[in-house]
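Heads up, final_30.csv below (CSV, C-alpha atoms):
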chain,number,residue,atom,x,y,z
B,1,MET,CA,-57.0,-6.8,-101.0
B,2,ASP,CA,-54.1,-6.8,-98.6
B,3,ASN,CA,-51.6,-9.6,-99.3
B,4,ASN,CA,-49.5,-10.4,-96.3
B,5,ASP,CA,-48.6,-13.9,-97.3
B,6,PRO,CA,-45.0,-13.9,-98.4
B,7,LEU,CA,-45.6,-17.0,-100.5
B,8,THR,CA,-48.3,-15.4,-102.5
B,9,PRO,CA,-47.1,-13.3,-105.4
B,10,THR,CA,-48.1,-9.7,-105.1
B,11,SER,CA,-50.2,-8.1,-107.8
B,12,GLY,CA,-48.3,-7.1,-110.9
B,13,ASP,CA,-45.4,-9.3,-109.9
B,14,HIS,CA,-44.5,-11.2,-113.0
B,15,THR,CA,-41.1,-12.5,-112.0
B,16,PRO,CA,-40.0,-15.0,-114.6
B,17,SER,CA,-40.3,-18.6,-113.6
B,18,PRO,CA,-37.4,-20.8,-114.5
B,19,VAL,CA,-39.8,-23.4,-115.8
B,20,LEU,CA,-41.7,-21.0,-118.1
B,21,CYS,CA,-40.3,-18.8,-120.8
B,22,SER,CA,-40.9,-15.2,-119.6
B,23,ALA,CA,-41.2,-13.9,-123.2
B,24,THR,CA,-43.8,-16.5,-124.1
B,25,MET,CA,-45.8,-15.8,-121.0
B,26,ALA,CA,-45.6,-12.1,-121.6
B,27,SER,CA,-47.1,-12.5,-125.1
B,28,LEU,CA,-49.9,-14.7,-123.7
B,29,ARG,CA,-50.6,-12.1,-121.1
B,30,ASP,CA,-50.8,-9.5,-123.9
B,31,GLU,CA,-53.6,-11.4,-125.4
B,32,GLY,CA,-55.8,-10.9,-122.4
B,33,GLU,CA,-56.3,-12.1,-118.9
B,34,ASP,CA,-59.4,-14.3,-119.5
B,35,PHE,CA,-57.5,-16.0,-122.4
B,36,LEU,CA,-54.5,-16.8,-120.2
B,37,LEU,CA,-56.7,-18.0,-117.3
B,38,ASP,CA,-58.5,-20.3,-119.8
B,39,LEU,CA,-55.1,-21.7,-120.9
B,40,VAL,CA,-53.9,-22.3,-117.4
B,41,ASP,CA,-57.2,-24.0,-116.5
B,42,LEU,CA,-56.9,-26.2,-119.5
B,43,PHE,CA,-53.3,-27.2,-118.6
B,44,VAL,CA,-54.4,-28.0,-115.0
B,45,THR,CA,-57.3,-30.2,-116.1
B,46,GLU,CA,-55.8,-31.8,-119.1
B,47,THR,CA,-52.2,-32.8,-118.2
B,48,PRO,CA,-53.1,-35.2,-115.4
B,49,ALA,CA,-55.3,-37.1,-117.8
B,50,ARG,CA,-52.5,-37.2,-120.4
B,51,LEU,CA,-50.0,-38.5,-117.8
B,52,ALA,CA,-52.5,-41.1,-116.7
B,53,LEU,CA,-53.1,-42.1,-120.3
B,54,LEU,CA,-49.3,-42.4,-120.9
B,55,ALA,CA,-48.9,-44.6,-117.8
B,56,SER,CA,-51.8,-46.8,-118.7
B,57,ALA,CA,-50.5,-47.1,-122.3
B,58,LEU,CA,-47.1,-48.3,-120.9
B,59,ASP,CA,-48.9,-50.8,-118.7
B,60,ALA,CA,-50.8,-52.1,-121.7
B,61,GLY,CA,-47.7,-52.0,-124.0
B,62,ASP,CA,-49.6,-49.7,-126.3
B,63,ARG,CA,-46.9,-47.8,-128.1
B,64,ALA,CA,-49.2,-45.7,-130.3
B,65,THR,CA,-51.2,-44.3,-127.4
B,66,ALA,CA,-48.0,-43.6,-125.5
B,67,GLN,CA,-46.7,-41.7,-128.4
B,68,ARG,CA,-49.8,-39.6,-128.8
B,69,ALA,CA,-50.0,-38.8,-125.1
B,70,ALA,CA,-46.4,-37.7,-125.0
B,71,HIS,CA,-46.8,-35.7,-128.2
B,72,THR,CA,-49.8,-33.8,-126.7
B,73,LEU,CA,-47.8,-33.1,-123.5
B,74,LYS,CA,-45.0,-31.7,-125.6
B,75,SER,CA,-47.3,-29.5,-127.6
B,76,THR,CA,-49.1,-28.2,-124.5
B,77,ALA,CA,-45.9,-27.4,-122.8
B,78,ALA,CA,-44.5,-25.5,-125.8
B,79,VAL,CA,-47.5,-23.1,-125.7
B,80,PHE,CA,-46.3,-21.8,-122.4
B,81,GLY,CA,-42.7,-21.9,-123.2
B,82,ALA,CA,-42.2,-24.7,-120.7
B,83,TYR,CA,-39.3,-26.0,-122.8
B,84,ALA,CA,-37.8,-28.4,-120.2
B,85,MET,CA,-41.1,-30.2,-119.9
B,86,ALA,CA,-41.5,-30.1,-123.7
B,87,SER,CA,-38.0,-31.6,-124.0
B,88,VAL,CA,-38.7,-34.6,-121.7
B,89,ALA,CA,-42.1,-35.2,-123.4
B,90,SER,CA,-40.4,-35.1,-126.8
B,91,ALA,CA,-37.8,-37.7,-125.7
B,92,ALA,CA,-40.7,-39.9,-124.4
B,93,GLU,CA,-42.5,-39.4,-127.7
B,94,LEU,CA,-39.5,-40.4,-129.8
B,95,ALA,CA,-38.9,-43.4,-127.6
B,96,ALA,CA,-42.5,-44.5,-127.9
B,97,ARG,CA,-42.4,-44.1,-131.7
B,98,ALA,CA,-39.2,-46.3,-131.7
B,99,GLY,CA,-41.1,-48.9,-129.7
B,100,GLU,CA,-38.7,-48.3,-126.7
B,101,LEU,CA,-41.4,-48.4,-124.0
B,102,PRO,CA,-38.9,-49.2,-121.2
B,103,GLU,CA,-37.2,-45.9,-122.0
B,104,VAL,CA,-40.6,-44.1,-121.9
B,105,ALA,CA,-41.1,-45.7,-118.5
B,106,ARG,CA,-37.7,-44.4,-117.4
B,107,LEU,CA,-38.7,-40.9,-118.4
B,108,LEU,CA,-42.1,-40.9,-116.9
B,109,PRO,CA,-41.1,-39.9,-113.3
B,110,SER,CA,-39.1,-37.0,-114.7
B,111,LEU,CA,-42.0,-36.0,-116.9
B,112,ARG,CA,-44.4,-36.1,-113.9
B,113,MET,CA,-42.1,-34.1,-111.8
B,114,ILE,CA,-41.5,-31.3,-114.3
B,115,THR,CA,-45.2,-31.2,-115.3
B,116,GLU,CA,-45.9,-30.6,-111.6
B,117,GLU,CA,-43.4,-27.7,-111.6
B,118,VAL,CA,-45.0,-26.2,-114.6
B,119,ARG,CA,-48.5,-26.6,-113.0
B,120,LEU,CA,-47.3,-24.8,-109.9
B,121,ALA,CA,-45.8,-22.0,-111.9
B,122,LEU,CA,-49.0,-21.6,-113.9
B,123,LEU,CA,-51.1,-21.6,-110.7
B,124,SER,CA,-48.8,-18.8,-109.4
B,125,GLU,CA,-49.4,-16.9,-112.6
B,126,ARG,CA,-53.1,-17.4,-112.2
B,127,GLN,CA,-52.9,-16.1,-108.6
B,128,ASN,CA,-51.0,-13.0,-109.9
B,129,LEU,CA,-53.7,-12.3,-112.4
B,130,LEU,CA,-56.6,-12.7,-109.9
B,131,SER,CA,-54.8,-10.7,-107.2
B,132,ALA,CA,-54.2,-7.9,-109.7
B,133,ASN,CA,-57.9,-7.9,-110.5
B,134,VAL,CA,-59.0,-7.7,-106.8
B,135,ALA,CA,-56.5,-5.0,-105.9
F,1,MET,CA,-70.1,-13.3,-143.5
F,2,ARG,CA,-67.5,-14.7,-141.2
F,3,THR,CA,-65.0,-17.3,-142.6
F,4,THR,CA,-65.7,-20.7,-141.2
F,5,ALA,CA,-62.8,-22.6,-139.7
F,6,LEU,CA,-61.9,-26.1,-138.4
F,7,ILE,CA,-59.0,-26.6,-136.0
F,8,ILE,CA,-57.1,-29.9,-136.1
F,9,ASP,CA,-54.6,-30.3,-133.2
F,10,ASP,CA,-54.2,-32.9,-130.6
F,11,SER,CA,-53.5,-30.4,-127.8
F,12,PRO,CA,-56.5,-28.7,-126.3
F,13,VAL,CA,-54.3,-25.8,-125.1
F,14,ALA,CA,-52.9,-25.3,-128.6
F,15,ARG,CA,-56.4,-25.4,-130.0
F,16,ARG,CA,-57.5,-22.7,-127.6
F,17,VAL,CA,-54.6,-20.5,-128.7
F,18,ILE,CA,-55.5,-21.0,-132.4
F,19,ARG,CA,-59.2,-20.4,-131.7
F,20,HIS,CA,-58.3,-17.2,-130.0
F,21,HIS,CA,-56.3,-15.9,-132.9
F,22,LEU,CA,-58.8,-17.0,-135.6
F,23,GLY,CA,-61.5,-15.2,-133.6
F,24,LYS,CA,-59.4,-12.1,-133.7
F,25,PHE,CA,-59.2,-12.5,-137.5
F,26,GLY,CA,-63.0,-12.6,-137.6
F,27,CYS,CA,-63.2,-16.4,-138.3
F,28,LYS,CA,-66.0,-18.5,-136.9
F,29,VAL,CA,-64.6,-21.8,-135.6
F,30,VAL,CA,-67.2,-24.5,-136.5
F,31,GLY,CA,-65.3,-27.5,-135.3
F,32,GLU,CA,-62.2,-28.8,-133.4
F,33,ALA,CA,-60.6,-32.2,-133.9
F,34,ASP,CA,-57.9,-33.9,-131.9
F,35,SER,CA,-56.7,-36.1,-134.7
F,36,ALA,CA,-56.4,-36.1,-138.5
F,37,ALA,CA,-59.0,-38.9,-138.7
F,38,GLN,CA,-61.5,-36.9,-136.7
F,39,GLY,CA,-60.6,-33.8,-138.7
F,40,MET,CA,-61.5,-35.4,-141.9
F,41,ARG,CA,-64.9,-36.4,-140.6
F,42,LEU,CA,-65.5,-32.8,-139.4
F,43,PHE,CA,-64.3,-31.5,-142.7
F,44,ASP,CA,-66.9,-33.5,-144.5
F,45,GLU,CA,-69.6,-32.5,-142.0
F,46,PHE,CA,-68.9,-28.7,-141.8
F,47,LYS,CA,-67.2,-28.0,-145.1
F,48,PRO,CA,-65.1,-25.2,-143.5
F,49,GLU,CA,-63.5,-22.5,-145.7
F,50,LEU,CA,-60.3,-22.6,-143.5
F,51,VAL,CA,-58.5,-25.4,-141.7
F,52,THR,CA,-55.5,-25.3,-139.4
F,53,LEU,CA,-53.7,-28.6,-139.3
F,54,ASP,CA,-51.1,-29.7,-136.9
F,55,LEU,CA,-48.6,-31.5,-139.1
F,56,MET,CA,-46.8,-33.5,-136.4
F,57,MET,CA,-49.7,-35.3,-134.8
F,58,PRO,CA,-49.3,-39.0,-134.6
F,59,ALA,CA,-51.6,-41.0,-136.9
F,60,VAL,CA,-54.9,-42.2,-135.5
F,61,ASP,CA,-56.8,-45.0,-137.3
F,62,GLY,CA,-54.1,-45.0,-139.9
F,63,VAL,CA,-54.6,-41.4,-141.0
F,64,ASP,CA,-51.8,-38.9,-140.5
F,65,ALA,CA,-51.8,-35.1,-141.1
F,66,SER,CA,-50.2,-35.3,-144.5
F,67,GLU,CA,-52.9,-37.6,-145.8
F,68,CYS,CA,-55.6,-35.5,-144.2
F,69,PHE,CA,-54.2,-32.4,-146.0
F,70,ARG,CA,-54.1,-34.1,-149.4
F,71,ALA,CA,-57.6,-35.6,-148.9
F,72,MET,CA,-59.1,-32.2,-148.0
F,73,ARG,CA,-57.4,-30.5,-151.0
F,74,ARG,CA,-58.7,-33.2,-153.3
F,75,LYS,CA,-62.2,-32.7,-151.9
F,76,SER,CA,-62.0,-28.9,-152.1
F,77,SER,CA,-59.3,-27.0,-154.0
F,78,GLU,CA,-60.8,-23.8,-152.5
F,79,VAL,CA,-60.2,-24.7,-148.9
F,80,ALA,CA,-57.5,-22.6,-147.2
F,81,VAL,CA,-55.2,-24.8,-145.1
F,82,ILE,CA,-52.7,-23.4,-142.6
F,83,ILE,CA,-50.1,-26.0,-141.7
F,84,VAL,CA,-49.0,-25.7,-138.0
F,85,SER,CA,-45.8,-27.5,-137.3
F,86,SER,CA,-42.9,-27.6,-134.9
F,87,VAL,CA,-40.7,-28.5,-137.8
F,88,PRO,CA,-39.0,-25.3,-139.2
F,89,PHE,CA,-37.5,-27.0,-142.2
F,90,ASP,CA,-37.7,-25.0,-145.4
F,91,ARG,CA,-38.1,-28.2,-147.5
F,92,THR,CA,-41.2,-29.4,-145.5
F,93,ARG,CA,-42.7,-25.9,-145.7
F,94,ASP,CA,-42.0,-25.6,-149.4
F,95,THR,CA,-43.6,-29.0,-150.1
F,96,PHE,CA,-46.8,-28.0,-148.4
F,97,LEU,CA,-47.0,-24.6,-149.9
F,98,ARG,CA,-46.3,-26.1,-153.4
F,99,GLU,CA,-49.2,-28.5,-152.8
F,100,GLY,CA,-51.5,-25.6,-152.0
F,101,ALA,CA,-51.3,-24.8,-148.3
F,102,LEU,CA,-52.1,-21.1,-147.7
F,103,ALA,CA,-49.5,-20.8,-144.9
F,104,TYR,CA,-47.0,-22.7,-142.8
F,105,MET,CA,-46.8,-21.6,-139.2
F,106,VAL,CA,-44.1,-22.8,-136.9
F,107,LYS,CA,-44.7,-23.7,-133.3
F,108,PRO,CA,-44.2,-22.7,-130.6
F,109,PHE,CA,-46.5,-19.7,-131.0
F,110,ASN,CA,-45.3,-16.3,-130.2
F,111,GLN,CA,-46.4,-12.7,-130.8
F,112,PHE,CA,-45.0,-12.9,-134.3
F,113,SER,CA,-46.5,-16.3,-135.4
F,114,PHE,CA,-49.9,-15.1,-136.4
F,115,GLU,CA,-49.3,-11.8,-138.2
F,116,PRO,CA,-48.0,-13.3,-141.5
F,117,VAL,CA,-51.0,-15.7,-141.3
F,118,ARG,CA,-53.4,-12.9,-140.8
F,119,GLN,CA,-52.0,-11.0,-143.8
F,120,LYS,CA,-52.4,-14.1,-145.9
F,121,LEU,CA,-56.0,-14.7,-144.7
F,122,ILE,CA,-56.9,-11.1,-145.6
F,123,ARG,CA,-55.4,-11.5,-149.0
F,124,TYR,CA,-57.2,-14.8,-149.5
F,125,PHE,CA,-60.6,-14.1,-148.1
F,126,ARG,CA,-60.9,-10.3,-148.4
F,127,PRO,CA,-58.7,-9.3,-151.3
F,128,TYR,CA,-60.4,-5.9,-151.7
F,129,ALA,CA,-59.9,-5.0,-148.0
F,130,ALA,CA,-56.1,-5.6,-148.1
The structure in this file should be written as structure tokens.
Amino acid sequence: MDNNDPLTPTSGDHTPSPVLCSATMASLRDEGEDFLLDLVDLFVTETPARLALLASALDAGDRATAQRAAHTLKSTAAVFGAYAMASVASAAELAARAGELPEVARLLPSLRMITEEVRLALLSERQNLLSANVA
Amino acid sequence: MRTTALIIDDSPVARRVIRHHLGKFGCKVVGEADSAAQGMRLFDEFKPELVTLDLMMPAVDGVDASECFRAMRRKSSEVAVIIVSSVPFDRTRDTFLREGALAYMVKPFNQFSFEPVRQKLIRYFRPYAA
């Protein structure tokens, strides 16, 4: 398949993304393409639900649910080496555990933004894999 | 016969990674739980030979991972439990190993995380193949 779109990564192009750890992504790639595609799909489908759960927990003043949602986001980010996302999620988890829900609310926009950056980086990775398959 | 396994981890992505590696070791994953409380229920239902347990999961229904670990060990001293944790402290690791955990694996996962676990699984479940 010809790829003339300059915004679409070319096949075999695995330029490290600043939001994902390149070594971690390389080790995931080594485990197989279908496996990595599964992980990306899980991230794309799961994280919006966790962010929504975190937001609704804040609205309800439910500190335990907020803590769990932030913890899951942290664990999920770490699998891809998305350490900046993991760090913000970890701060939100700690704040929720301490009962500091206003602090969690303050962190939520940053967490949303960085989660979106990770999502886009993973979708780019997905595109790379699929393009390599077609080529 | 394949070793039956239960994965307890709140992150579906982390569970998928663990499932992948257990599959490579020849294990059959019979259940997945997203909390220690659900894990204990599935442990009673499936009686797996191997459990991976995320140590740092927040408690649900008043049950945390440490309690889950101890309850499973009380019910079956034979069950092999792999503690999965983002806490790399020696003291925490030593405590769980002393209490009978088969292995203590530190997150985040990388290409080196699973090899020591694989070696321990071979020694535990297939001692004559090692």
Discussion item. At a cut-off of 9 Å, using all atoms listed in the file, what residues contact B:Leu107? Leave out same-chain residues fewer than 6 positions from it and give the result as JSON, numbers by chain.
Written reply: {"B": [88, 89, 91, 92]}
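Within 9 Å of chain F, counting all atoms listed in the file, chain B contributes B:Ala23, B:Thr24, B:Ser27, B:Leu28, B:Asp30, B:Glu31, B:Phe35, B:Asp38, B:Leu39, B:Val40, B:Leu42, B:Phe43, B:Glu46, B:Ala64, B:Gln67, B:Arg68, B:His71, B:Thr72, B:Leu73, B:Lys74, B:Ser75, B:Thr76, B:Ala77, B:Ala78, B:Val79, B:Phe80, B:Gly81.
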Export, as an mmCIF file, keeping the file's coordinate frame, the selected residues with C-alpha atoms.
data_model
loop_
_atom_site.group_PDB
_atom_site.id
_atom_site.type_symbol
_atom_site.label_atom_id
_atom_site.label_comp_id
_atom_site.auth_asym_id
_atom_site.auth_seq_id
_atom_site.Cartn_x
_atom_site.Cartn_y
_atom_site.Cartn_z
ATOM 1 C CA ALA B 23 -41.200 -13.900 -123.200
ATOM 2 C CA THR B 24 -43.800 -16.500 -124.100
ATOM 3 C CA SER B 27 -47.100 -12.500 -125.100
ATOM 4 C CA LEU B 28 -49.900 -14.700 -123.700
ATOM 5 C CA ASP B 30 -50.800 -9.500 -123.900
ATOM 6 C CA GLU B 31 -53.600 -11.400 -125.400
ATOM 7 C CA PHE B 35 -57.500 -16.000 -122.400
ATOM 8 C CA ASP B 38 -58.500 -20.300 -119.800
ATOM 9 C CA LEU B 39 -55.100 -21.700 -120.900
ATOM 10 C CA VAL B 40 -53.900 -22.300 -117.400
ATOM 11 C CA LEU B 42 -56.900 -26.200 -119.500
ATOM 12 C CA PHE B 43 -53.300 -27.200 -118.600
ATOM 13 C CA GLU B 46 -55.800 -31.800 -119.100
ATOM 14 C CA ALA B 64 -49.200 -45.700 -130.300
ATOM 15 C CA GLN B 67 -46.700 -41.700 -128.400
ATOM 16 C CA ARG B 68 -49.800 -39.600 -128.800
ATOM 17 C CA HIS B 71 -46.800 -35.700 -128.200
ATOM 18 C CA THR B 72 -49.800 -33.800 -126.700
ATOM 19 C CA LEU B 73 -47.800 -33.100 -123.500
ATOM 20 C CA LYS B 74 -45.000 -31.700 -125.600
ATOM 21 C CA SER B 75 -47.300 -29.500 -127.600
ATOM 22 C CA THR B 76 -49.100 -28.200 -124.500
ATOM 23 C CA ALA B 77 -45.900 -27.400 -122.800
ATOM 24 C CA ALA B 78 -44.500 -25.500 -125.800
ATOM 25 C CA VAL B 79 -47.500 -23.100 -125.700
ATOM 26 C CA PHE B 80 -46.300 -21.800 -122.400
ATOM 27 C CA GLY B 81 -42.700 -21.900 -123.200
#
Discussion item. If we count only C-alpha atoms and set the cut-off at 9 Å, which residues sit around stretch 71-84 of chain F, ignoring sequence neighbours fewer than 4 positions away in its own chain? Please answer as a ChimeraX atom specification.
Written reply: /F:9,40,43-44,47-56,66-67,93,96-97,99-107,117,121,124
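The two atoms in question, atom CA of B:Ala121 and atom CA of F:Arg19, are spaced 24.0 Å apart.
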Could you name the residues that touch stretch 24-29 of chain F at 7 Å or less, counting all atoms listed in the file, but leaving out those on the same chain fewer than 5 positions away, as a short mmCIF file (atom, residue, chain, number, x, y, z; two decimals) with C-alpha atoms, in the frame of the given file?
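File produced: part_38.cif:
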data_model
loop_
_atom_site.label_atom_id
_atom_site.label_comp_id
_atom_site.auth_asym_id
_atom_site.auth_seq_id
_atom_site.Cartn_x
_atom_site.Cartn_y
_atom_site.Cartn_z
CA ARG F 2 -67.50 -14.70 -141.20
CA THR F 3 -65.00 -17.30 -142.60
CA THR F 4 -65.70 -20.70 -141.20
CA ALA F 5 -62.80 -22.60 -139.70
CA LEU F 6 -61.90 -26.10 -138.40
CA ARG F 19 -59.20 -20.40 -131.70
CA ARG F 118 -53.40 -12.90 -140.80
#
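The interatomic distance for the pair atom CA of F:Ala33 and atom CA of F:Cys68 works out to 11.9 Å.
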Fill in: Atomic distance atom CA of F:Ile122 - atom CA of F:Ile7, expressed in Å with one decimal
18.4 Å
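Omitting B:Gly61 and its sequence neighbours fewer than 6 positions away, and counting all atoms listed in the file, the residues within 12 Å are B:Leu53, B:Leu54, B:Ala55, B:Gln67, B:Ala96, B:Gly99, B:Glu100, B:Leu101, B:Pro102, B:Val104, B:Ala105.
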Find the residues near F:Phe46: any atom within 8 Å, counting all atoms listed in the file, skip ones fewer than 4 places away on the same chain, and give them as a PDB file with C-alpha atoms, in the frame of the given file.
ATOM      1  CA  VAL F  30     -67.200 -24.500-136.500  1.00  0.00           C
ATOM      2  CA  GLY F  31     -65.300 -27.500-135.300  1.00  0.00           C
ATOM      3  CA  LEU F  42     -65.500 -32.800-139.400  1.00  0.00           C
TER       4      LEU F  42
END
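When all atoms listed in the file are used to measure the gap to B:Ala52, the shortest distance among B:Val118, B:Ser90, B:Gly32, B:Leu108 belongs to B:Leu108.
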